[in-house]
Amino acid sequence: MPQSLAQVWLHVVFSTKERRPFLQDEAFQVEMFRMLSHHVKESGCVSLSVGGYVDHVHLLVGLSRTITIAKLLEKIKTETSKWAKDKESCSSGFSWQSGYGAFSVSHSNRIAVDEYIRGQQDHHEKKSFQEEFRQLCKLHDVEFDERYVWD
């Protein structure tokens, strides 16, 4: 086959360093979501949705066949951290946690995941980030060590 084709959807989740509420200012949060989407697209991927809460973000990404998950996350986290540190409305100590969760999404389920991501504000009135992340890992049969995942 002379042409390489792929359609890989990912639900990516990561938090701010120490889950500090850097994203509590609504205007800053909206700008951050826009910047995350921008850098996903700059990496040659599709940004279907970006959402989150005061201490973490969710992205629904169509992964390009030419970039790894690790490279994509390194790039968007690095670039948005630099951008945030230059903003007057944000602390110069802004940082993302070092890790992330990346979960596969079937093409037929991407709309449901998109709605889930867009409903983060309401969702977190009832559930903490830790509860949500544990639930996502359980749903996707991903094992993790509690001692290392929250740092």
# chains A, B, ... in the order shown; residues from 1 in each chain; ligands from 1

$ residues_around --residues "region 133-139 of chain A" --least-positions-apart "5" --cutoff "9 Å" --atoms "only C-alpha atoms" --output "VMD selection string"
chain A and resid 13 101 103 128 144

$ select_by_dssp --residues "region 25-93 of chain A" --states "helix (DSSP H, G or I)" --output "ChimeraX atom specification"
/A:26-42,69-85

$ write_last_selection --atoms "N, CA and C atoms" --output "short mmCIF file (atom, residue, chain, number, x, y, z; two decimals), in the first residue's frame"
data_model
loop_
_atom_site.label_atom_id
_atom_site.label_comp_id
_atom_site.auth_asym_id
_atom_site.auth_seq_id
_atom_site.Cartn_x
_atom_site.Cartn_y
_atom_site.Cartn_z
N GLU A 26 -11.70 32.59 34.70
CA GLU A 26 -12.41 32.14 33.50
C GLU A 26 -11.77 32.64 32.21
N ALA A 27 -11.37 33.90 32.17
CA ALA A 27 -10.77 34.45 30.95
C ALA A 27 -9.45 33.74 30.64
N PHE A 28 -8.63 33.52 31.66
CA PHE A 28 -7.37 32.81 31.46
C PHE A 28 -7.63 31.37 31.02
N GLN A 29 -8.62 30.73 31.63
CA GLN A 29 -8.95 29.35 31.28
C GLN A 29 -9.34 29.24 29.80
N VAL A 30 -10.19 30.14 29.34
CA VAL A 30 -10.61 30.13 27.94
C VAL A 30 -9.41 30.32 27.02
N GLU A 31 -8.53 31.25 27.38
CA GLU A 31 -7.32 31.46 26.56
C GLU A 31 -6.42 30.23 26.56
N MET A 32 -6.29 29.59 27.73
CA MET A 32 -5.45 28.39 27.82
C MET A 32 -6.03 27.28 26.94
N PHE A 33 -7.33 27.09 26.98
CA PHE A 33 -7.95 26.06 26.15
C PHE A 33 -7.69 26.35 24.67
N ARG A 34 -7.77 27.62 24.30
CA ARG A 34 -7.51 28.02 22.92
C ARG A 34 -6.05 27.75 22.54
N MET A 35 -5.14 28.05 23.45
CA MET A 35 -3.72 27.80 23.19
C MET A 35 -3.41 26.31 23.10
N LEU A 36 -4.03 25.51 23.95
CA LEU A 36 -3.84 24.06 23.87
C LEU A 36 -4.30 23.55 22.51
N SER A 37 -5.47 23.99 22.09
CA SER A 37 -6.00 23.59 20.78
C SER A 37 -5.06 24.02 19.66
N HIS A 38 -4.57 25.26 19.75
CA HIS A 38 -3.65 25.79 18.74
C HIS A 38 -2.41 24.90 18.61
N HIS A 39 -1.82 24.52 19.73
CA HIS A 39 -0.58 23.73 19.68
C HIS A 39 -0.83 22.29 19.27
N VAL A 40 -2.02 21.76 19.53
CA VAL A 40 -2.38 20.45 18.99
C VAL A 40 -2.38 20.53 17.47
N LYS A 41 -3.03 21.56 16.94
CA LYS A 41 -3.10 21.74 15.48
C LYS A 41 -1.73 22.02 14.88
N GLU A 42 -0.90 22.81 15.57
CA GLU A 42 0.46 23.08 15.11
C GLU A 42 1.29 21.80 14.98
N ILE A 69 2.43 10.06 20.87
CA ILE A 69 1.67 10.67 21.96
C ILE A 69 2.62 11.47 22.86
N ALA A 70 3.75 10.87 23.20
CA ALA A 70 4.71 11.54 24.09
C ALA A 70 5.22 12.85 23.50
N LYS A 71 5.55 12.86 22.21
CA LYS A 71 6.04 14.09 21.57
C LYS A 71 4.95 15.16 21.53
N LEU A 72 3.73 14.76 21.21
CA LEU A 72 2.63 15.71 21.18
C LEU A 72 2.43 16.36 22.54
N LEU A 73 2.38 15.55 23.60
CA LEU A 73 2.16 16.09 24.93
C LEU A 73 3.32 16.94 25.41
N GLU A 74 4.53 16.53 25.08
CA GLU A 74 5.70 17.34 25.44
C GLU A 74 5.60 18.72 24.79
N LYS A 75 5.26 18.74 23.52
CA LYS A 75 5.19 20.02 22.81
C LYS A 75 4.08 20.92 23.36
N ILE A 76 2.88 20.40 23.49
CA ILE A 76 1.78 21.29 23.91
C ILE A 76 1.94 21.74 25.36
N LYS A 77 2.47 20.88 26.21
CA LYS A 77 2.67 21.28 27.60
C LYS A 77 3.79 22.32 27.72
N THR A 78 4.87 22.12 26.97
CA THR A 78 5.98 23.08 27.00
C THR A 78 5.55 24.43 26.47
N GLU A 79 4.92 24.43 25.31
CA GLU A 79 4.54 25.70 24.68
C GLU A 79 3.49 26.46 25.50
N THR A 80 2.51 25.76 26.05
CA THR A 80 1.48 26.46 26.82
C THR A 80 2.02 26.92 28.18
N SER A 81 2.97 26.21 28.73
CA SER A 81 3.60 26.66 29.98
C SER A 81 4.36 27.96 29.74
N LYS A 82 5.13 28.02 28.65
CA LYS A 82 5.86 29.25 28.32
C LYS A 82 4.88 30.40 28.13
N TRP A 83 3.82 30.14 27.38
CA TRP A 83 2.82 31.17 27.13
C TRP A 83 2.21 31.66 28.45
N ALA A 84 1.83 30.73 29.34
CA ALA A 84 1.18 31.09 30.60
C ALA A 84 2.09 31.92 31.50
N LYS A 85 3.36 31.58 31.52
CA LYS A 85 4.30 32.30 32.39
C LYS A 85 4.50 33.75 31.94
#

$ residues_around --residues "Ser4 (chain A)" --least-positions-apart "3" --cutoff "12 Å" --atoms "only C-alpha atoms" --output "MDAnalysis selection string"
chainID A and resid 1 7 64:66

$ write_last_selection --atoms "N, CA and C atoms" --output "PDB file, in the first residue's frame"
ATOM      1  N   MET A   1       0.849  -1.175   0.000  1.00  0.00           N
ATOM      2  CA  MET A   1       0.000   0.000   0.000  1.00  0.00           C
ATOM      3  C   MET A   1       0.891   1.234   0.000  1.00  0.00           C
ATOM      4  N   GLN A   7      -6.596   6.742  11.670  1.00  0.00           N
ATOM      5  CA  GLN A   7      -7.578   7.561  12.378  1.00  0.00           C
ATOM      6  C   GLN A   7      -7.552   7.090  13.827  1.00  0.00           C
ATOM      7  N   SER A  64      -2.129  12.560  14.671  1.00  0.00           N
ATOM      8  CA  SER A  64      -1.493  12.431  13.358  1.00  0.00           C
ATOM      9  C   SER A  64      -0.680  11.141  13.327  1.00  0.00           C
ATOM     10  N   ARG A  65      -0.532  10.577  12.161  1.00  0.00           N
ATOM     11  CA  ARG A  65       0.269   9.348  12.037  1.00  0.00           C
ATOM     12  C   ARG A  65       1.760   9.627  12.112  1.00  0.00           C
ATOM     13  N   THR A  66       2.151  10.915  12.171  1.00  0.00           N
ATOM     14  CA  THR A  66       3.575  11.263  12.130  1.00  0.00           C
ATOM     15  C   THR A  66       4.136  11.729  13.471  1.00  0.00           C
TER      16      THR A  66
END

$ residues_around --residues "Glu125 (chain A)" --least-positions-apart "5" --cutoff "12 Å" --atoms "only C-alpha atoms" --output "PyMOL selection string"
chain A and resi 53-54+119-120+132

$ select_by_dssp --residues "chain A" --states "strand (DSSP E)" --output "list in words"
Val8, Trp9, Leu10, His11, Val12, Val13, Phe14, Ser15, Val46, Ser47, Leu48, Ser49, Val50, Gly51, Gly52, Tyr53, His56, Val57, His58, Leu59, Leu60, Val61, Gly62, Leu63, Gly101, Ala102, Phe103, Ser104 and Val105 of chain A

$ write_last_selection --atoms "N, CA and C atoms" --output "CSV table (one decimal), in the first residue's frame"
chain,number,residue,atom,x,y,z
A,8,VAL,N,-6.9,7.8,14.7
A,8,VAL,CA,-6.7,7.5,16.0
A,8,VAL,C,-7.1,8.7,16.9
A,9,TRP,N,-8.2,8.4,17.7
A,9,TRP,CA,-8.7,9.4,18.6
A,9,TRP,C,-8.2,9.1,20.0
A,10,LEU,N,-7.8,10.2,20.7
A,10,LEU,CA,-7.3,10.1,22.1
A,10,LEU,C,-8.0,11.0,23.0
A,11,HIS,N,-8.4,10.6,24.2
A,11,HIS,CA,-8.8,11.4,25.3
A,11,HIS,C,-7.6,11.6,26.2
A,12,VAL,N,-7.1,12.8,26.2
A,12,VAL,CA,-5.9,13.1,27.0
A,12,VAL,C,-6.3,13.9,28.2
A,13,VAL,N,-5.7,13.6,29.4
A,13,VAL,CA,-6.0,14.3,30.6
A,13,VAL,C,-4.6,14.5,31.3
A,14,PHE,N,-4.5,15.8,31.8
A,14,PHE,CA,-3.3,16.1,32.7
A,14,PHE,C,-3.7,17.3,33.5
A,15,SER,N,-3.0,17.4,34.6
A,15,SER,CA,-3.3,18.4,35.6
A,15,SER,C,-2.2,19.4,35.7
A,46,VAL,N,-5.6,16.8,15.1
A,46,VAL,CA,-6.9,17.5,15.1
A,46,VAL,C,-7.3,17.7,16.6
A,47,SER,N,-7.7,18.9,16.8
A,47,SER,CA,-8.2,19.2,18.2
A,47,SER,C,-9.8,19.3,18.1
A,48,LEU,N,-10.4,18.3,18.5
A,48,LEU,CA,-11.9,18.3,18.5
A,48,LEU,C,-12.5,19.0,19.7
A,49,SER,N,-11.9,18.9,20.9
A,49,SER,CA,-12.4,19.6,22.0
A,49,SER,C,-11.3,19.7,23.1
A,50,VAL,N,-11.4,20.8,23.8
A,50,VAL,CA,-10.6,21.1,25.0
A,50,VAL,C,-11.5,21.6,26.1
A,51,GLY,N,-11.3,21.0,27.3
A,51,GLY,CA,-12.1,21.5,28.4
A,51,GLY,C,-11.3,21.2,29.7
A,52,GLY,N,-12.0,21.4,30.8
A,52,GLY,CA,-11.3,21.1,32.0
A,52,GLY,C,-11.9,21.8,33.2
A,53,TYR,N,-11.1,21.9,34.2
A,53,TYR,CA,-11.5,22.5,35.5
A,53,TYR,C,-10.4,23.4,36.0
A,56,HIS,N,-7.0,21.0,36.0
A,56,HIS,CA,-6.7,20.0,35.0
A,56,HIS,C,-7.4,20.2,33.7
A,57,VAL,N,-6.9,19.6,32.6
A,57,VAL,CA,-7.5,19.7,31.3
A,57,VAL,C,-7.8,18.3,30.7
A,58,HIS,N,-8.7,18.4,29.8
A,58,HIS,CA,-9.1,17.2,28.9
A,58,HIS,C,-9.0,17.7,27.5
A,59,LEU,N,-8.4,16.8,26.6
A,59,LEU,CA,-8.4,17.1,25.2
A,59,LEU,C,-8.9,15.9,24.4
A,60,LEU,N,-9.6,16.1,23.4
A,60,LEU,CA,-10.0,15.1,22.5
A,60,LEU,C,-9.2,15.4,21.2
A,61,VAL,N,-8.3,14.5,20.9
A,61,VAL,CA,-7.3,14.7,19.8
A,61,VAL,C,-7.4,13.6,18.8
A,62,GLY,N,-7.4,14.0,17.5
A,62,GLY,CA,-7.1,13.1,16.5
A,62,GLY,C,-5.7,13.1,16.2
A,63,LEU,N,-5.0,12.0,16.6
A,63,LEU,CA,-3.6,11.9,16.5
A,63,LEU,C,-3.1,11.7,15.1
A,101,GLY,N,-2.6,11.1,31.2
A,101,GLY,CA,-3.3,9.9,30.9
A,101,GLY,C,-3.8,10.1,29.4
A,102,ALA,N,-3.6,9.1,28.6
A,102,ALA,CA,-4.1,9.1,27.2
A,102,ALA,C,-4.9,7.8,27.0
A,103,PHE,N,-6.1,8.0,26.6
A,103,PHE,CA,-7.0,6.9,26.5
A,103,PHE,C,-7.6,6.8,25.1
A,104,SER,N,-7.6,5.6,24.5
A,104,SER,CA,-8.2,5.5,23.1
A,104,SER,C,-9.7,5.7,23.1
A,105,VAL,N,-10.1,6.3,22.0
A,105,VAL,CA,-11.6,6.6,21.8
A,105,VAL,C,-12.0,6.1,20.5

$ atom_distance --atom1 "CA of Leu5 (chain A)" --atom2 "CA of Ile111 (chain A)"
21.6 Å

$ atom_distance --atom1 "CA of Asp25 (chain A)" --atom2 "CA of Gln97 (chain A)"
19.1 Å

$ closest_residue --among "A:Tyr100, A:Pro2, A:Ile67, A:Ser108" --to "Val149 (chain A)" --atoms "only C-alpha atoms"
A:Tyr100

$ decode --residues "region 92-123 of chain A" --atoms "N, CA and C atoms" --output "short mmCIF file (atom, residue, chain, number, x, y, z; two decimals), in the first residue's frame"
data_model
loop_
_atom_site.label_atom_id
_atom_site.label_comp_id
_atom_site.auth_asym_id
_atom_site.auth_seq_id
_atom_site.Cartn_x
_atom_site.Cartn_y
_atom_site.Cartn_z
N SER A 92 3.81 33.36 37.67
CA SER A 92 5.03 32.97 36.95
C SER A 92 5.43 31.54 37.30
N GLY A 93 4.79 30.96 38.32
CA GLY A 93 5.08 29.60 38.72
C GLY A 93 4.24 28.55 38.02
N PHE A 94 3.50 28.97 36.99
CA PHE A 94 2.63 28.02 36.29
C PHE A 94 3.43 26.85 35.74
N SER A 95 2.86 25.66 35.91
CA SER A 95 3.48 24.46 35.36
C SER A 95 2.44 23.35 35.29
N TRP A 96 2.63 22.47 34.32
CA TRP A 96 1.81 21.27 34.23
C TRP A 96 2.50 20.15 34.98
N GLN A 97 1.74 19.16 35.45
CA GLN A 97 2.35 17.97 36.03
C GLN A 97 3.18 17.27 34.95
N SER A 98 4.10 16.43 35.36
CA SER A 98 4.96 15.78 34.37
C SER A 98 4.26 14.67 33.61
N GLY A 99 3.29 14.01 34.19
CA GLY A 99 2.64 12.89 33.54
C GLY A 99 1.33 13.26 32.86
N TYR A 100 0.66 12.24 32.34
CA TYR A 100 -0.62 12.43 31.67
C TYR A 100 -1.31 11.09 31.54
N GLY A 101 -2.58 11.12 31.24
CA GLY A 101 -3.33 9.93 30.86
C GLY A 101 -3.77 10.10 29.43
N ALA A 102 -3.60 9.05 28.63
CA ALA A 102 -4.05 9.08 27.23
C ALA A 102 -4.85 7.80 26.99
N PHE A 103 -6.10 7.98 26.62
CA PHE A 103 -7.03 6.86 26.49
C PHE A 103 -7.59 6.82 25.07
N SER A 104 -7.64 5.64 24.49
CA SER A 104 -8.17 5.50 23.14
C SER A 104 -9.68 5.74 23.13
N VAL A 105 -10.14 6.30 22.03
CA VAL A 105 -11.56 6.59 21.85
C VAL A 105 -11.96 6.06 20.48
N SER A 106 -13.00 5.25 20.44
CA SER A 106 -13.45 4.76 19.14
C SER A 106 -14.10 5.91 18.37
N HIS A 107 -14.01 5.84 17.06
CA HIS A 107 -14.59 6.88 16.21
C HIS A 107 -16.08 7.07 16.53
N SER A 108 -16.78 5.98 16.78
CA SER A 108 -18.21 6.06 17.05
C SER A 108 -18.53 6.66 18.42
N ASN A 109 -17.54 6.74 19.31
CA ASN A 109 -17.77 7.26 20.66
C ASN A 109 -17.21 8.67 20.86
N ARG A 110 -16.61 9.26 19.84
CA ARG A 110 -15.94 10.55 20.01
C ARG A 110 -16.91 11.68 20.37
N ILE A 111 -18.15 11.63 19.89
CA ILE A 111 -19.12 12.69 20.21
C ILE A 111 -19.48 12.64 21.69
N ALA A 112 -19.65 11.45 22.25
CA ALA A 112 -19.94 11.31 23.69
C ALA A 112 -18.77 11.83 24.53
N VAL A 113 -17.54 11.54 24.10
CA VAL A 113 -16.36 12.03 24.83
C VAL A 113 -16.27 13.55 24.71
N ASP A 114 -16.56 14.08 23.54
CA ASP A 114 -16.58 15.53 23.34
C ASP A 114 -17.57 16.18 24.31
N GLU A 115 -18.76 15.64 24.43
CA GLU A 115 -19.77 16.19 25.35
C GLU A 115 -19.29 16.09 26.79
N TYR A 116 -18.65 14.98 27.13
CA TYR A 116 -18.11 14.80 28.47
C TYR A 116 -17.08 15.88 28.78
N ILE A 117 -16.19 16.14 27.83
CA ILE A 117 -15.15 17.15 28.02
C ILE A 117 -15.77 18.54 28.16
N ARG A 118 -16.75 18.85 27.37
CA ARG A 118 -17.40 20.17 27.42
C ARG A 118 -18.21 20.36 28.70
N GLY A 119 -18.54 19.28 29.39
CA GLY A 119 -19.33 19.38 30.62
C GLY A 119 -18.52 19.33 31.89
N GLN A 120 -17.23 19.62 31.81
CA GLN A 120 -16.35 19.50 32.97
C GLN A 120 -16.75 20.37 34.15
N GLN A 121 -17.19 21.59 33.91
CA GLN A 121 -17.54 22.48 35.02
C GLN A 121 -18.63 21.86 35.89
N ASP A 122 -19.68 21.38 35.25
CA ASP A 122 -20.78 20.75 35.99
C ASP A 122 -20.33 19.44 36.62
N HIS A 123 -19.56 18.69 35.89
CA HIS A 123 -19.09 17.38 36.35
C HIS A 123 -18.32 17.50 37.66
#
